[in-house]
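Enquirer: input.cif is reproduced in full below (mmCIF, C-alpha atoms).
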data_work
loop_
_atom_site.label_atom_id
_atom_site.label_comp_id
_atom_site.auth_asym_id
_atom_site.auth_seq_id
_atom_site.Cartn_x
_atom_site.Cartn_y
_atom_site.Cartn_z
CA MET A 1 0.00 0.00 0.00
CA THR A 2 1.50 3.33 -1.13
CA GLU A 3 1.90 5.94 1.58
CA GLU A 4 0.25 9.25 0.78
CA PRO A 5 2.48 12.31 0.36
CA PRO A 6 2.68 14.73 3.32
CA VAL A 7 1.39 17.58 1.17
CA LEU A 8 -1.41 17.29 -1.39
CA ILE A 9 -1.54 19.79 -4.25
CA SER A 10 -4.38 20.40 -6.69
CA ARG A 11 -5.27 23.23 -9.01
CA GLU A 12 -8.44 24.93 -10.19
CA GLY A 13 -7.46 27.43 -12.84
CA PRO A 14 -5.34 30.12 -11.16
CA VAL A 15 -5.98 28.77 -7.65
CA VAL A 16 -3.55 26.30 -6.07
CA HIS A 17 -5.01 24.20 -3.25
CA VAL A 18 -2.45 22.95 -0.74
CA THR A 19 -3.44 20.42 1.92
CA LEU A 20 -1.16 19.42 4.80
CA ASN A 21 -1.63 15.67 4.79
CA ARG A 22 -0.56 13.92 7.98
CA PRO A 23 -4.01 13.55 9.57
CA ALA A 24 -2.90 10.80 11.98
CA ARG A 25 -0.48 13.35 13.49
CA ARG A 26 -2.93 16.29 13.24
CA ASN A 27 -0.78 17.44 10.31
CA ALA A 28 2.26 18.05 12.51
CA ILE A 29 5.31 19.33 10.66
CA GLY A 30 7.46 16.27 9.97
CA GLY A 31 7.61 13.23 7.75
CA GLY A 32 8.93 15.28 4.83
CA MET A 33 6.17 17.89 5.04
CA GLY A 34 8.54 20.82 5.43
CA GLU A 35 10.69 19.77 2.50
CA ALA A 36 7.61 19.27 0.31
CA LEU A 37 6.37 22.74 1.19
CA ASP A 38 9.77 24.25 0.44
CA ALA A 39 9.76 22.66 -3.03
CA LEU A 40 6.24 23.88 -3.72
CA ILE A 41 6.99 27.42 -2.56
CA GLU A 42 10.04 27.52 -4.82
CA GLU A 43 7.89 26.40 -7.76
CA LEU A 44 5.16 28.92 -7.02
CA ARG A 45 7.68 31.72 -6.76
CA GLY A 46 8.13 31.60 -10.53
CA ASP A 47 4.58 30.63 -11.53
CA SER A 48 2.98 33.65 -13.20
CA THR A 49 -0.25 31.74 -13.94
CA ALA A 50 -1.13 31.08 -10.30
CA ARG A 51 -3.07 33.87 -8.60
CA ALA A 52 -3.92 32.49 -5.18
CA VAL A 53 -2.90 29.70 -2.80
CA VAL A 54 -5.34 28.11 -0.33
CA LEU A 55 -3.67 26.32 2.59
CA ARG A 56 -5.61 23.89 4.80
CA GLY A 57 -5.15 20.63 6.67
CA ALA A 58 -6.54 17.13 6.11
CA GLY A 59 -8.74 15.24 8.54
CA GLY A 60 -10.32 18.15 10.38
CA HIS A 61 -7.14 19.78 11.70
CA PHE A 62 -4.98 22.55 10.27
CA CYS A 63 -1.53 21.91 11.78
CA ALA A 64 -0.50 20.90 15.30
CA GLY A 65 3.00 22.37 14.96
CA LEU A 66 6.32 20.57 15.04
CA ASP A 67 6.13 16.79 15.29
CA LEU A 68 7.64 16.20 18.73
CA THR A 69 8.28 12.54 17.90
CA GLU A 70 10.96 13.70 15.47
CA VAL A 71 13.39 15.38 17.82
CA ALA A 72 16.85 16.01 16.39
CA ALA A 73 19.85 14.62 18.25
CA SER A 74 21.87 17.75 18.93
CA PRO A 75 21.43 21.48 19.63
CA GLU A 76 23.01 22.17 16.24
CA ALA A 77 20.50 19.95 14.44
CA GLN A 78 17.62 21.49 16.38
CA GLN A 79 18.92 24.94 15.53
CA ALA A 80 19.14 24.12 11.82
CA ARG A 81 15.61 22.68 11.79
CA ASN A 82 14.21 25.71 13.59
CA ARG A 83 16.03 28.09 11.25
CA ALA A 84 14.53 26.28 8.25
CA ILE A 85 11.04 26.71 9.70
CA GLY A 86 11.53 30.47 9.99
CA THR A 87 12.83 30.64 6.42
CA ARG A 88 9.74 28.72 5.27
CA TYR A 89 7.34 31.22 6.87
CA LEU A 90 9.15 34.10 5.22
CA ALA A 91 9.15 32.41 1.81
CA LEU A 92 5.44 31.66 2.10
CA SER A 93 4.65 35.26 2.96
CA GLU A 94 6.77 36.54 0.05
CA LEU A 95 4.96 34.54 -2.63
CA PRO A 96 3.53 36.74 -5.39
CA GLN A 97 0.22 34.90 -5.02
CA VAL A 98 -2.36 35.78 -2.37
CA VAL A 99 -2.16 33.12 0.35
CA ILE A 100 -5.36 32.19 2.21
CA ALA A 101 -5.32 29.96 5.30
CA ALA A 102 -8.49 27.95 5.98
CA VAL A 103 -8.31 26.72 9.58
CA GLU A 104 -10.18 23.83 11.16
CA GLY A 105 -9.36 22.07 14.42
CA ALA A 106 -5.88 22.54 15.84
CA ALA A 107 -3.63 25.39 14.71
CA HIS A 108 -0.93 25.13 17.34
CA ALA A 109 2.68 26.26 17.65
CA GLY A 110 4.26 26.02 14.19
CA GLY A 111 0.78 25.82 12.68
CA LEU A 112 0.20 29.36 13.92
CA GLY A 113 3.20 30.43 11.87
CA PHE A 114 1.44 29.31 8.69
CA VAL A 115 -1.75 31.13 9.73
CA CYS A 116 0.10 34.38 10.36
CA ALA A 117 2.36 34.13 7.30
CA ALA A 118 -0.76 33.90 5.12
CA ASP A 119 -2.24 37.11 3.77
CA ILE A 120 -5.81 36.21 4.76
CA ALA A 121 -6.99 33.73 7.40
CA PHE A 122 -10.43 32.26 8.01
CA ALA A 123 -11.47 29.79 10.71
CA ALA A 124 -14.26 27.33 11.28
CA ALA A 125 -16.02 27.51 14.65
CA ASP A 126 -14.20 24.38 15.84
CA ALA A 127 -10.75 25.90 15.28
CA ARG A 128 -8.45 26.07 18.29
CA PHE A 129 -5.25 28.10 18.52
CA ALA A 130 -2.31 27.81 20.92
CA ALA A 131 1.36 28.62 21.33
CA PRO A 132 2.21 25.99 23.99
CA GLU A 133 5.97 25.87 23.52
CA ALA A 134 6.84 27.08 27.03
CA ARG A 135 4.64 24.30 28.44
CA ARG A 136 6.89 21.83 26.58
CA GLY A 137 10.12 23.40 27.78
CA LEU A 138 10.66 25.03 24.38
CA VAL A 139 10.51 28.56 22.99
CA PRO A 140 8.23 29.93 20.20
CA ALA A 141 11.30 31.20 18.39
CA GLN A 142 10.22 31.44 14.77
CA ILE A 143 6.47 32.01 15.17
CA LEU A 144 6.81 34.90 17.60
CA PRO A 145 7.57 37.65 15.04
CA TRP A 146 4.61 36.53 12.93
CA LEU A 147 2.29 36.52 15.91
CA VAL A 148 3.43 40.03 16.83
CA ARG A 149 2.90 41.24 13.26
CA ARG A 150 -0.62 39.78 13.10
CA MET A 151 -1.86 40.41 16.66
CA GLY A 152 0.37 43.11 18.09
CA ARG A 153 2.88 42.60 20.90
CA PRO A 154 0.50 42.68 23.91
CA GLN A 155 -1.82 39.99 22.53
CA ALA A 156 1.09 37.87 21.26
CA ALA A 157 2.79 38.15 24.65
CA ARG A 158 -0.27 36.82 26.44
CA LEU A 159 -0.69 33.95 23.97
CA VAL A 160 2.92 32.70 24.22
CA LEU A 161 3.36 33.29 27.96
CA GLU A 162 0.11 31.71 29.08
CA GLY A 163 0.33 28.98 26.46
CA SER A 164 -3.37 28.18 26.76
CA VAL A 165 -5.72 27.14 23.97
CA ILE A 166 -8.05 29.83 22.63
CA ASP A 167 -11.18 29.26 20.55
CA ALA A 168 -12.12 30.78 17.21
CA PRO A 169 -14.07 33.78 18.62
CA ALA A 170 -11.10 34.69 20.83
CA ALA A 171 -8.76 34.34 17.87
CA PHE A 172 -10.98 36.70 15.89
CA ARG A 173 -11.06 39.27 18.70
CA MET A 174 -7.28 39.09 19.03
CA GLY A 175 -6.75 39.57 15.30
CA LEU A 176 -5.46 36.10 14.42
CA VAL A 177 -8.16 35.45 11.81
CA HIS A 178 -10.29 37.72 9.65
CA GLU A 179 -13.62 35.89 9.85
CA ILE A 180 -15.23 32.81 11.42
CA ALA A 181 -17.58 30.32 9.78
CA PRO A 182 -19.97 28.02 11.65
CA ASP A 183 -18.73 24.85 9.96
CA ARG A 184 -16.69 23.39 7.07
CA ALA A 185 -19.27 24.39 4.49
CA GLY A 186 -19.25 27.95 5.78
CA LEU A 187 -15.45 27.98 5.78
CA ASP A 188 -15.41 26.86 2.16
CA SER A 189 -17.89 29.63 1.36
CA LEU A 190 -15.66 32.26 2.99
CA VAL A 191 -12.67 31.01 1.00
CA ALA A 192 -14.66 30.98 -2.25
CA THR A 193 -15.91 34.54 -1.69
CA SER A 194 -12.41 35.78 -0.92
CA LEU A 195 -11.04 34.06 -4.03
CA ARG A 196 -13.67 35.76 -6.19
CA GLU A 197 -12.65 39.13 -4.78
CA VAL A 198 -8.91 38.53 -4.98
CA THR A 199 -8.96 37.25 -8.57
CA GLN A 200 -10.61 40.47 -9.72
CA GLY A 201 -7.29 42.17 -9.03
CA ALA A 202 -4.56 42.37 -11.65
CA PRO A 203 -1.84 39.75 -10.95
CA ILE A 204 1.16 42.05 -11.20
CA ALA A 205 -0.60 44.78 -9.21
CA LEU A 206 -1.43 42.29 -6.46
CA ALA A 207 2.16 41.04 -6.32
CA GLU A 208 3.47 44.61 -6.20
CA THR A 209 0.96 45.45 -3.44
CA LYS A 210 2.26 42.53 -1.39
CA ALA A 211 5.80 43.81 -1.97
CA LEU A 212 4.78 47.25 -0.72
CA LEU A 213 3.25 45.71 2.42
CA ARG A 214 6.60 44.01 3.08
CA ALA A 215 8.41 47.29 2.48
CA LEU A 216 6.53 48.85 5.41
CA GLY A 217 8.94 47.01 7.70
CA PRO A 218 10.58 43.63 8.31
CA VAL A 219 8.77 40.97 10.31
CA SER A 220 11.70 40.81 12.73
CA PRO A 221 14.91 42.80 13.26
CA GLU A 222 18.14 41.69 11.66
CA GLY A 223 19.67 38.76 13.49
CA TYR A 224 16.46 37.69 15.22
CA ALA A 225 15.93 34.50 13.20
CA GLU A 226 19.39 33.22 14.05
CA ALA A 227 19.07 34.18 17.71
CA GLY A 228 15.69 32.45 17.85
CA ALA A 229 17.07 29.29 16.26
CA ALA A 230 19.96 29.28 18.74
CA ALA A 231 17.55 29.67 21.66
CA PHE A 232 15.41 26.82 20.34
CA GLY A 233 18.48 24.62 19.95
CA ARG A 234 19.53 25.26 23.54
CA THR A 235 16.12 24.64 25.07
CA ALA A 236 15.18 21.66 22.87
CA ASN A 237 18.11 19.64 24.19
CA GLY A 238 17.76 20.76 27.80
CA PRO A 239 16.12 19.02 30.77
CA GLU A 240 12.97 21.14 30.62
CA ALA A 241 12.22 20.07 27.06
CA ARG A 242 12.84 16.43 27.92
CA GLU A 243 10.37 16.67 30.80
CA GLY A 244 7.88 18.83 28.89
CA ILE A 245 7.77 16.57 25.84
CA ALA A 246 7.56 13.45 28.01
CA ALA A 247 4.66 14.96 29.95
CA PHE A 248 2.91 15.87 26.71
CA ARG A 249 3.26 12.34 25.36
CA GLU A 250 2.13 10.82 28.67
CA LYS A 251 -0.75 13.29 28.99
CA ARG A 252 0.27 14.54 32.43
CA LYS A 253 1.44 17.81 33.96
CA PRO A 254 5.18 18.41 33.70
CA ASN A 255 7.27 18.38 36.85
CA TRP A 256 9.47 21.45 36.53
CA ALA A 257 12.56 21.42 38.70
#
Let me see the file written as structure tokens.
Expert:
Amino acid sequence: MTEEPPVLISREGPVVHVTLNRPARRNAIGGGMGEALDALIEELRGDSTARAVVLRGAGGHFCAGLDLTEVAASPEAQQARNRAIGTRYLALSELPQVVIAAVEGAAHAGGLGFVCAADIAFAAADARFAAPEARRGLVPAQILPWLVRRMGRPQAARLVLEGSVIDAPAAFRMGLVHEIAPDRAGLDSLVATSLREVTQGAPIALAETKALLRALGPVSPEGYAEAGAAAFGRTANGPEAREGIAAFREKRKPNWA
């Protein structure tokens, strides 16, 4: 039996549909998913016929973040993996196409990075959002600048420091998503309406508008991505991460020293 790819890609005219496809892991980033996304983003970068990209998850969840069962062996390896994640968010946001995130179920940790790197984000009523890294003994290194850009620093600070799960209405109030739908059908309707509006714009003008939005200021100051990756590498191989990840897997509260 052939294993399905970690990312499914289909196309309807100028719209590229991208589905994160590890439903058994709530579409956690791993199993080749990151590399598949990198290849797709590189292809889309030079695709002048694509106008919009719709990103969603398979099996009722968007993305549960980094797959904690795939922990690299050394701080250096953790640092490299974390750096690659930050580069991926930036590349996604810099695509000439309009990127729309359609969120169902869990959008946690690294999944929040995809939501915030998208230009437009919609959520179904069952969507749940969290930045629980500190509860795992880790740091939200690469998603933090994107959260701050989308929500503002005070709201982002509360989300990453409390680490609790928030529902779709709270995410809307905090600025994480643009609109909420009652269910999957409503979410699809929001996406379809947005696509109709977006594709009325001229392709080059839309790409130039996105470039002007980026020119208003960088997502993070120079050197932040590397500092964040270094911090993630240090914490990921420390005793707190070992206890936090073990507690998560065993579904218990961590015992912090």
Enquirer: Applied to this file, what does the PyMOL selection byres ((chain A and resi 24-34) around 12) return in terms of residues, put as a PyMOL selection string?
Expert: chain A and resi 3-8+18-23+35-41+56-72+81-89+92+103-114
Enquirer: Give me the residues near stretch 239-251 of chain A as a PyMOL selection string, where near means some atom within 7 Å (using all atoms listed in the file) and where sequence neighbours in that chain fewer than 5 positions away do not count.
Expert: chain A and resi 135-138+256
Enquirer: I'd like to know which of A:Arg173, A:Leu206, A:Leu90, A:Phe122 is closest to A:Ser48, using all atoms listed in the file.
Expert: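 Selected residue with least distance to A:Ser48: A:Leu206.
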Enquirer: Pull out every residue that the PyMOL selection byres ((chain A and resi 116) around 12) matches in the shown coordinates and put them as an MDAnalysis selection string.
Expert: chainID A and resid 55 89:90 92:93 99:103 107:115 117:122 129 142:152 156 171 175:178 219
Enquirer: Do you know which residues the PyMOL selection byres ((chain A and resi 228) around 9) returns on this file, as a PyMOL selection string?
Expert: chain A and resi 79+82-83+139-142+223-227+229-233
Enquirer: Could those residues be written to a file, using C-alpha atoms, as a compact mmCIF listing (two decimals), in the coordinates of the input?
Expert:
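Contents of again_22.txt, as written:
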# COMPACT_ATOMS: atom_id res chain seq x y z
CA GLN A 79 18.92 24.94 15.53
CA ASN A 82 14.21 25.71 13.59
CA ARG A 83 16.03 28.09 11.25
CA VAL A 139 10.51 28.56 22.99
CA PRO A 140 8.23 29.93 20.20
CA ALA A 141 11.30 31.20 18.39
CA GLN A 142 10.22 31.44 14.77
CA GLY A 223 19.67 38.76 13.49
CA TYR A 224 16.46 37.69 15.22
CA ALA A 225 15.93 34.50 13.20
CA GLU A 226 19.39 33.22 14.05
CA ALA A 227 19.07 34.18 17.71
CA ALA A 229 17.07 29.29 16.26
CA ALA A 230 19.96 29.28 18.74
CA ALA A 231 17.55 29.67 21.66
CA PHE A 232 15.41 26.82 20.34
CA GLY A 233 18.48 24.62 19.95
Enquirer: May I have the protein, DNA and RNA residues with an atom at most 12 Å from (-16.0, 30.7, 1.9), counting only C-alpha atoms in the file's coordinates, returned as a ChimeraX atom specification?
Expert: /A:54,100-103,120-124,178-197
Enquirer: Report, in Å to a single decimal, how far apart atom CA of A:Ala131 and atom CA of A:Pro169 are.
Expert: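 These two atoms are separated by 16.5 Å.
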Enquirer: Skip A:Pro96 itself and residues of its chain fewer than 4 positions away, then list as a PyMOL selection string all residues within 10 Å of it, counting only C-alpha atoms.
Expert: chain A and resi 44-48+50-53+92+203-211
Enquirer: What is the atom CA of A:Glu133 to atom CA of A:Leu161 distance in Å?
Expert: 9.0 Å
Enquirer: Could you please determine the separation between atom CA of A:Leu159 and atom CA of A:Met174 in Å, to one decimal place?
Expert: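 Atom CA of A:Met174 lies 9.7 Å from atom CA of A:Leu159.
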Enquirer: Using only C-alpha atoms, what residues lie at most 8 Å away from (2.1, 27.4, 30.8) (file coordinates), given as an NGL selection string?
Expert: :A and (132 or 134-135 or 161-164)
Enquirer: Using all atoms listed in the file, find the one residue out of A:Glu42, A:Val15, A:Asn255, A:Gln200 that sits nearest to A:Ala91.
Expert: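 Of all the options, A:Glu42 lies closest to A:Ala91.
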